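The file my_file.cif contains mmCIF, C-alpha atoms:
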```
data_work
#
loop_
_atom_site.label_atom_id
_atom_site.label_comp_id
_atom_site.auth_asym_id
_atom_site.auth_seq_id
_atom_site.Cartn_x
_atom_site.Cartn_y
_atom_site.Cartn_z
CA MET J 1 106.87 103.85 73.87
CA VAL J 2 107.12 103.00 77.58
CA TYR J 3 110.57 103.75 79.00
CA ASP J 4 112.33 100.65 80.37
CA PHE J 5 115.46 101.20 82.47
CA LYS J 6 116.60 97.61 81.85
CA LYS J 7 116.62 98.07 78.08
CA VAL J 8 118.27 101.50 78.17
CA ASP J 9 121.02 100.50 80.65
CA LYS J 10 121.51 96.88 79.62
CA SER J 11 125.11 96.65 80.84
CA TRP J 12 123.99 97.65 84.34
CA TYR J 13 121.16 95.13 84.57
CA PHE J 14 122.31 92.21 82.44
CA PRO J 15 125.97 91.41 83.13
CA THR J 16 127.38 88.00 82.35
CA GLN J 17 128.49 85.50 84.98
CA GLN J 18 132.03 86.57 84.18
CA PRO J 19 132.93 89.50 86.46
CA GLN J 20 133.36 92.88 84.82
CA ILE J 21 134.41 96.36 85.91
CA ILE J 22 131.87 99.08 85.30
CA THR J 23 131.30 102.71 86.24
CA ILE J 24 127.81 103.49 87.52
CA GLY J 25 126.62 107.09 87.42
CA PRO J 26 124.20 108.80 89.82
CA MET J 27 120.62 107.55 89.91
CA GLN J 28 117.69 108.35 92.17
CA TYR J 29 115.64 105.80 94.05
CA LEU J 30 112.82 105.24 96.43
CA SER J 31 114.53 103.92 99.54
CA ILE J 32 113.60 102.31 102.84
CA GLN J 33 115.89 101.00 105.57
CA GLY J 34 115.53 98.29 108.17
CA GLU J 35 117.15 95.41 110.02
CA GLY J 36 116.72 91.68 110.47
CA ASP J 37 116.34 88.43 108.58
CA PRO J 38 114.63 89.16 105.22
CA ASN J 39 113.00 85.71 105.27
CA VAL J 40 110.89 86.41 108.36
CA GLN J 41 107.23 86.49 107.37
CA GLY J 42 105.81 89.92 108.07
CA GLY J 43 109.21 91.16 109.20
CA SER J 44 110.84 94.53 108.66
CA TYR J 45 112.16 93.63 105.20
CA GLN J 46 108.87 92.35 103.80
CA ARG J 47 106.91 95.28 105.23
CA GLY J 48 109.41 97.66 103.68
CA ILE J 49 109.11 96.06 100.24
CA GLU J 50 105.33 96.37 100.43
CA LYS J 51 105.67 100.09 101.06
CA LEU J 52 108.22 100.59 98.28
CA TYR J 53 106.03 98.98 95.65
CA ALA J 54 102.92 100.78 96.83
CA MET J 55 104.75 104.08 96.46
CA ALA J 56 106.34 103.16 93.12
CA TYR J 57 103.07 102.20 91.47
CA THR J 58 101.25 105.21 92.91
CA LEU J 59 103.84 107.45 91.24
CA LYS J 60 103.70 105.51 87.98
CA MET J 61 99.89 105.58 87.82
CA SER J 62 99.64 109.27 88.72
CA LYS J 63 99.07 109.86 85.00
CA LYS J 64 95.49 108.61 85.46
CA GLY J 65 94.54 111.02 88.22
CA ASP J 66 94.34 114.71 88.96
CA TYR J 67 97.90 114.97 90.27
CA GLN J 68 100.15 115.65 87.31
CA ILE J 69 103.92 115.24 87.70
CA GLN J 70 105.92 117.77 85.73
CA GLY J 71 107.90 116.16 82.90
CA TYR J 72 106.15 112.79 83.34
CA PHE J 73 106.69 110.03 80.79
CA ASP J 74 105.42 106.47 81.14
CA TYR J 75 107.92 103.90 82.39
CA VAL J 76 108.29 100.33 83.61
CA VAL J 77 108.86 99.98 87.36
CA PRO J 78 112.39 98.55 87.46
CA PRO J 79 113.66 95.55 89.45
CA LEU J 80 114.00 95.65 93.22
CA GLU J 81 117.50 96.38 94.49
CA GLY J 82 119.14 96.14 97.89
CA LEU J 83 122.19 97.39 99.74
CA TRP J 84 123.26 95.12 102.59
CA TYR J 85 125.68 95.13 105.51
CA GLN J 86 126.08 93.66 108.98
CA LYS J 87 126.98 95.74 112.00
CA GLY J 88 130.05 94.57 113.85
CA ILE J 89 131.08 92.04 111.20
CA ALA J 90 134.05 92.38 108.86
CA GLY J 91 133.03 91.01 105.48
CA PHE J 92 129.72 89.22 105.15
CA ASP J 93 128.39 86.26 107.13
CA TYR J 94 125.59 84.59 105.16
CA GLN J 95 124.73 82.46 108.19
CA ARG J 96 123.83 85.47 110.38
CA LYS J 97 120.87 86.93 108.55
CA ASP J 98 119.52 88.21 111.85
CA LEU J 99 122.35 90.77 111.88
CA LEU J 100 121.55 92.17 108.45
CA THR J 101 120.83 95.81 107.83
CA PHE J 102 119.19 96.55 104.49
CA ILE J 103 118.49 99.55 102.31
CA SER J 104 115.88 98.47 99.76
CA LEU J 105 115.64 100.46 96.55
CA LEU J 106 113.44 101.00 93.51
CA ARG J 107 114.90 103.22 90.82
CA LEU J 108 112.97 106.34 89.86
CA PRO J 109 112.91 108.31 86.60
CA PRO J 110 114.68 111.68 86.84
CA PHE J 111 111.49 113.75 86.73
CA ILE J 112 110.30 112.52 90.14
CA GLN J 113 110.89 115.10 92.89
CA LYS J 114 110.64 115.05 96.67
CA LYS J 115 107.22 116.73 96.56
CA ASP J 116 105.93 113.93 94.30
CA VAL J 117 107.12 111.29 96.77
CA GLN J 118 105.38 113.16 99.59
CA TRP J 119 102.18 113.24 97.55
CA ALA J 120 102.45 109.50 96.87
CA ALA J 121 102.91 108.78 100.58
CA GLY J 122 99.68 110.63 101.29
CA GLU J 123 97.84 108.65 98.62
CA VAL J 124 99.12 105.30 99.89
CA ALA J 125 98.11 106.20 103.44
CA ARG J 126 94.64 107.22 102.28
CA LYS J 127 93.99 104.26 99.97
CA LYS J 128 95.92 101.41 101.63
CA GLY J 129 96.36 102.53 105.21
CA LEU J 130 100.15 102.19 104.93
CA ASN J 131 102.36 104.70 106.69
CA CYS J 132 105.15 105.38 104.19
CA SER J 133 106.78 108.28 106.02
CA ASP J 134 109.96 106.18 106.22
CA VAL J 135 110.21 105.89 102.41
CA GLU J 136 112.67 108.46 101.07
CA ILE J 137 113.94 109.67 97.73
CA VAL J 138 117.74 109.29 97.57
CA THR J 139 120.53 109.61 95.01
CA LEU J 140 123.10 106.82 94.74
CA ASP J 141 126.37 107.46 92.89
CA GLU J 142 128.30 104.18 92.93
CA GLY J 143 131.20 105.04 90.67
CA LEU J 144 133.72 102.28 89.93
CA CYS J 145 132.42 98.78 90.68
CA VAL J 146 132.84 95.12 89.88
CA GLN J 147 129.69 93.19 89.09
CA ALA J 148 128.58 89.77 87.90
CA LEU J 149 125.40 87.78 87.38
CA HIS J 150 124.75 85.16 90.05
CA ILE J 151 122.45 82.29 89.10
CA GLY J 152 121.13 80.20 91.97
CA ALA J 153 120.09 80.50 95.59
CA TYR J 154 120.98 83.61 97.54
CA ASP J 155 122.94 81.47 100.02
CA SER J 156 125.24 80.30 97.21
CA GLU J 157 126.32 83.87 96.38
CA PRO J 158 129.76 83.48 98.03
CA VAL J 159 130.96 81.47 95.02
CA THR J 160 130.23 84.39 92.69
CA VAL J 161 131.57 86.92 95.18
CA GLU J 162 134.89 85.05 95.46
CA ALA J 163 135.24 85.06 91.67
CA MET J 164 134.51 88.80 91.61
CA HIS J 165 137.12 89.55 94.25
CA ALA J 166 139.77 87.45 92.49
CA PHE J 167 139.03 89.33 89.27
CA VAL J 168 139.44 92.66 91.07
CA GLN J 169 142.96 91.71 92.15
CA GLU J 170 143.87 90.73 88.59
CA GLN J 171 142.80 94.19 87.40
CA ASP J 172 145.10 96.01 89.88
CA CYS J 173 142.13 97.22 91.87
CA VAL J 174 141.01 96.84 95.48
CA LEU J 175 137.65 96.52 97.18
CA ASP J 176 136.44 99.87 98.48
CA PHE J 177 133.63 99.23 100.97
CA SER J 178 132.59 102.03 103.30
CA GLU J 179 129.49 103.33 105.07
CA SER J 180 128.29 104.74 101.75
CA ARG J 181 129.61 102.00 99.42
CA LEU J 182 127.98 98.67 100.16
CA HIS J 183 127.22 95.16 98.91
CA HIS J 184 124.58 95.74 96.21
CA GLU J 185 122.11 93.26 94.74
CA ILE J 186 119.61 93.65 91.89
CA TYR J 187 116.87 91.02 91.79
CA LEU J 188 116.03 90.03 88.22
CA SER J 189 113.85 87.09 89.32
CA ASP J 190 110.79 86.89 91.53
CA PRO J 191 111.52 84.19 94.17
CA ARG J 192 107.78 83.54 94.46
CA LYS J 193 107.67 82.43 90.82
CA CYS J 194 111.13 80.97 90.26
CA SER J 195 113.01 77.99 91.71
CA GLU J 196 116.10 78.77 93.79
CA GLN J 197 118.35 77.17 91.19
CA LYS J 198 117.19 79.61 88.51
CA LEU J 199 117.18 82.87 90.48
CA LYS J 200 119.12 85.63 88.72
CA THR J 201 120.77 88.29 90.86
CA VAL J 202 123.21 91.00 89.86
CA ILE J 203 125.90 91.39 92.55
CA ARG J 204 127.86 94.63 92.59
CA HIS J 205 130.76 95.64 94.84
CA PRO J 206 132.58 98.99 95.06
CA ILE J 207 136.22 99.07 94.03
CA ALA J 208 139.06 101.54 93.57
CA LYS J 209 142.15 101.55 91.40
CA VAL J 210 145.46 100.91 93.13
CA ARG J 211 147.29 104.22 93.36
#
```

As structure tokens:
Amino acid sequence: MVYDFKKVDKSWYFPTQQPQIITIGPMQYLSIQGEGDPNVQGGSYQRGIEKLYAMAYTLKMSKKGDYQIQGYFDYVVPPLEGLWYQKGIAGFDYQRKDLLTFISLLRLPPFIQKKDVQWAAGEVARKKGLNCSDVEIVTLDEGLCVQALHIGAYDSEPVTVEAMHAFVQEQDCVLDFSESRLHHEIYLSDPRKCSEQKLKTVIRHPIAKVR
């Protein structure tokens, strides 16, 4: 049976629209960073996503070649995720996408090691001519968070975010953003194949209990 992160960790990937508090343990990812409006054709964000997927599928399909990854088991490439922030802005201004800094992520199974990512980068360069030296393997340990499912356009996310933050206050918790704890999105829908009104996005924010 092919391993599917979404089915194993359902509560992490399929929350309801009602905000909930959840503890997220450490996971490893392919990661790439950049800046700028993600909607710009051929911009930093879109080039980064191309690299991430090229690397992810090279690792997944390694089973068919000579390079054998120790402990490999077949798996479904999970949904794209993203950490977002804006330099010099307190909070989040959805109207200033040009100021966005992103860390795009694709979750990896635990058997993938740094040497495997380096091998994949070499394969992608050789076969596709893409320089993936800026794609890294990282571990993200989010800990205590509030999350909810947002349905609709990305620009309408503030409605869901406001509900999440109100819920946090009711639970005697506070938001806990920092340089390492950021606004997190998981994209369950492909915007190329889905209308804006039906897009499904998990929104996750870091929190802490009031001491």

**Request:** Return as a PyMOL selection string the set of residues that the PyMOL selection byres ((chain J and resi 31-45) around 10) yields on the displayed structure.
**Result:** chain J and resi 28-30+46-52+81-86+96-107+132-139

**Prompt:** atom CA of Tyr67 of chain J to atom CA of Trp119 of chain J: how many Å, to one decimal?
**Reply:** 8.6 Å

**Request:** Go through the shown structure with the PyMOL selection byres ((chain J and resi 209) around 6) and write out the matching residues as a count of residues only.
**Result:** 3

**Message:** If we count all atoms listed in the file and set the cut-off at 9 Å, which residues sit around segment 159-165 of chain J, ignoring sequence neighbours fewer than 3 positions away in its own chain? Please answer as a PyMOL selection string.
**Reply:** chain J and resi 17-20+146-151+156+168-170+174-175+203-205

Could you save those same residues with C-alpha atoms as a short mmCIF file (atom, residue, chain, number, x, y, z; two decimals), in the coordinates of the input?
```cif
data_model
loop_
_atom_site.label_atom_id
_atom_site.label_comp_id
_atom_site.auth_asym_id
_atom_site.auth_seq_id
_atom_site.Cartn_x
_atom_site.Cartn_y
_atom_site.Cartn_z
CA GLN J 17 128.49 85.50 84.98
CA GLN J 18 132.03 86.57 84.18
CA PRO J 19 132.93 89.50 86.46
CA GLN J 20 133.36 92.88 84.82
CA VAL J 146 132.84 95.12 89.88
CA GLN J 147 129.69 93.19 89.09
CA ALA J 148 128.58 89.77 87.90
CA LEU J 149 125.40 87.78 87.38
CA HIS J 150 124.75 85.16 90.05
CA ILE J 151 122.45 82.29 89.10
CA SER J 156 125.24 80.30 97.21
CA VAL J 168 139.44 92.66 91.07
CA GLN J 169 142.96 91.71 92.15
CA GLU J 170 143.87 90.73 88.59
CA VAL J 174 141.01 96.84 95.48
CA LEU J 175 137.65 96.52 97.18
CA ILE J 203 125.90 91.39 92.55
CA ARG J 204 127.86 94.63 92.59
CA HIS J 205 130.76 95.64 94.84
#
```

**Prompt:** Given the choices J:Ala56, J:Val77, J:Asp176, J:Pro206, which gets closest to Gln118 of chain J if the distance is worked out from all atoms listed in the file?
**Reply:**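 Checking each of J:Ala56, J:Val77, J:Asp176, J:Pro206 against Gln118 of chain J, counting all atoms listed in the file, the winner is J:Ala56.
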
**Request:** List the residues selected by the PyMOL selection byres ((chain J and resi 111) around 7) in the file shown, writing them as a list in words.
**Result:**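 That expression, the PyMOL selection byres ((chain J and resi 111) around 7), corresponds here to Gln70, Gly71, Tyr72, Pro109, Pro110, Ile112 and Gln113 of chain J.
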
**Prompt:** What separation in Å, quoted to one decimal, exists between atom CA of Gly152 of chain J and atom CA of Tyr94 of chain J?
**Reply:**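 It comes out at 14.6 Å.
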
**Asked** Which residues, written as a PyMOL selection string, have at least one atom at most 7 Å from Ala120 of chain J, with only C-alpha atoms counted and residues fewer than 6 positions away on the same chain left out?
**Response** chain J and resi 55+58-59

Keeping C-alpha atoms for every residue in the selection just given, could you write it to a file as a JSON list (two decimals), keeping the file's coordinate frame?
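This went into out_8.json:
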```
[["chain", "number", "residue", "atom", "x", "y", "z"],
["J", 55, "MET", "CA", 104.75, 104.08, 96.46],
["J", 58, "THR", "CA", 101.25, 105.21, 92.91],
["J", 59, "LEU", "CA", 103.84, 107.45, 91.24]]
```

**Complete:** One residue among J:Pro158, J:Gly129, J:Gly65, J:Gly122 is nearest to Gln95 of chain J when using all atoms listed in the file, and that residue is J:Pro158

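For the atom pair formed by atom CA of Glu142 of chain J and atom CA of Thr23 of chain J, the distance is 7.5 Å, given to one decimal.
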
**Item:** Nearest to Val124 of chain J, chosen from J:Val2, J:Gly91, J:Ile207, J:Ser62, with all atoms listed in the file counted in the distances
**Value:**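 Between J:Val2, J:Gly91, J:Ile207, J:Ser62, the residue approaching Val124 of chain J most closely is J:Ser62.
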
Given 3 Å of margin on each side, can you work out the centre and size in Å (one decimal) of an axis-aligned box holding every listed atom of segment 188-197 of chain J, as JSON?
```
{"center_x": 113.0, "center_y": 83.6, "center_z": 91.3, "size_x": 16.7, "size_y": 18.9, "size_z": 12.2}
```

**Request:** Between J:Leu80, J:Met27, J:Ala166, J:Ala153, single out the one closest to Asp141 of chain J, counting all atoms listed in the file.
**Result:**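 Comparing J:Leu80, J:Met27, J:Ala166, J:Ala153 against Asp141 of chain J, the winner is J:Met27.
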
**Message:** Around the point (113.0, 103.1, 80.6) (coordinates from the file), which residues reach within 10 Å if we count only C-alpha atoms? Answer as an MDAnalysis selection string.
**Reply:** chainID J and resid 1:9 73:78 108:109

The selected residues should be written to file as a PDB file, in the coordinates of the input (atoms: C-alpha atoms).
```
ATOM      1  CA  MET J   1     106.870 103.850  73.870  1.00  0.00           C
ATOM      2  CA  VAL J   2     107.120 103.000  77.580  1.00  0.00           C
ATOM      3  CA  TYR J   3     110.570 103.750  79.000  1.00  0.00           C
ATOM      4  CA  ASP J   4     112.330 100.650  80.370  1.00  0.00           C
ATOM      5  CA  PHE J   5     115.460 101.200  82.470  1.00  0.00           C
ATOM      6  CA  LYS J   6     116.600  97.610  81.850  1.00  0.00           C
ATOM      7  CA  LYS J   7     116.620  98.070  78.080  1.00  0.00           C
ATOM      8  CA  VAL J   8     118.270 101.500  78.170  1.00  0.00           C
ATOM      9  CA  ASP J   9     121.020 100.500  80.650  1.00  0.00           C
ATOM     10  CA  PHE J  73     106.690 110.030  80.790  1.00  0.00           C
ATOM     11  CA  ASP J  74     105.420 106.470  81.140  1.00  0.00           C
ATOM     12  CA  TYR J  75     107.920 103.900  82.390  1.00  0.00           C
ATOM     13  CA  VAL J  76     108.290 100.330  83.610  1.00  0.00           C
ATOM     14  CA  VAL J  77     108.860  99.980  87.360  1.00  0.00           C
ATOM     15  CA  PRO J  78     112.390  98.550  87.460  1.00  0.00           C
ATOM     16  CA  LEU J 108     112.970 106.340  89.860  1.00  0.00           C
ATOM     17  CA  PRO J 109     112.910 108.310  86.600  1.00  0.00           C
TER      18      PRO J 109
END
```

**Request:** Just give me the residues with any atom within 10 Å of (108.8, 90.2, 93.1), file coordinates, counting only C-alpha atoms, written as a PyMOL selection string.
**Result:** chain J and resi 49+53+79-80+187-194

**Prompt:** With distances taken over all atoms listed in the file, which of J:Tyr57, J:Glu185, J:Gly143, J:Tyr154 is nearest to Pro26 of chain J?
**Reply:**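 Ranked by minimum distance to Pro26 of chain J, first place goes to J:Gly143.
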
**Item:** Proximity to Asp66 of chain J - best of J:Lys114, J:Tyr13, J:Ile89, J:Glu123, all atoms listed in the file
**Value:**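 The closest residue to Asp66 of chain J is J:Glu123.
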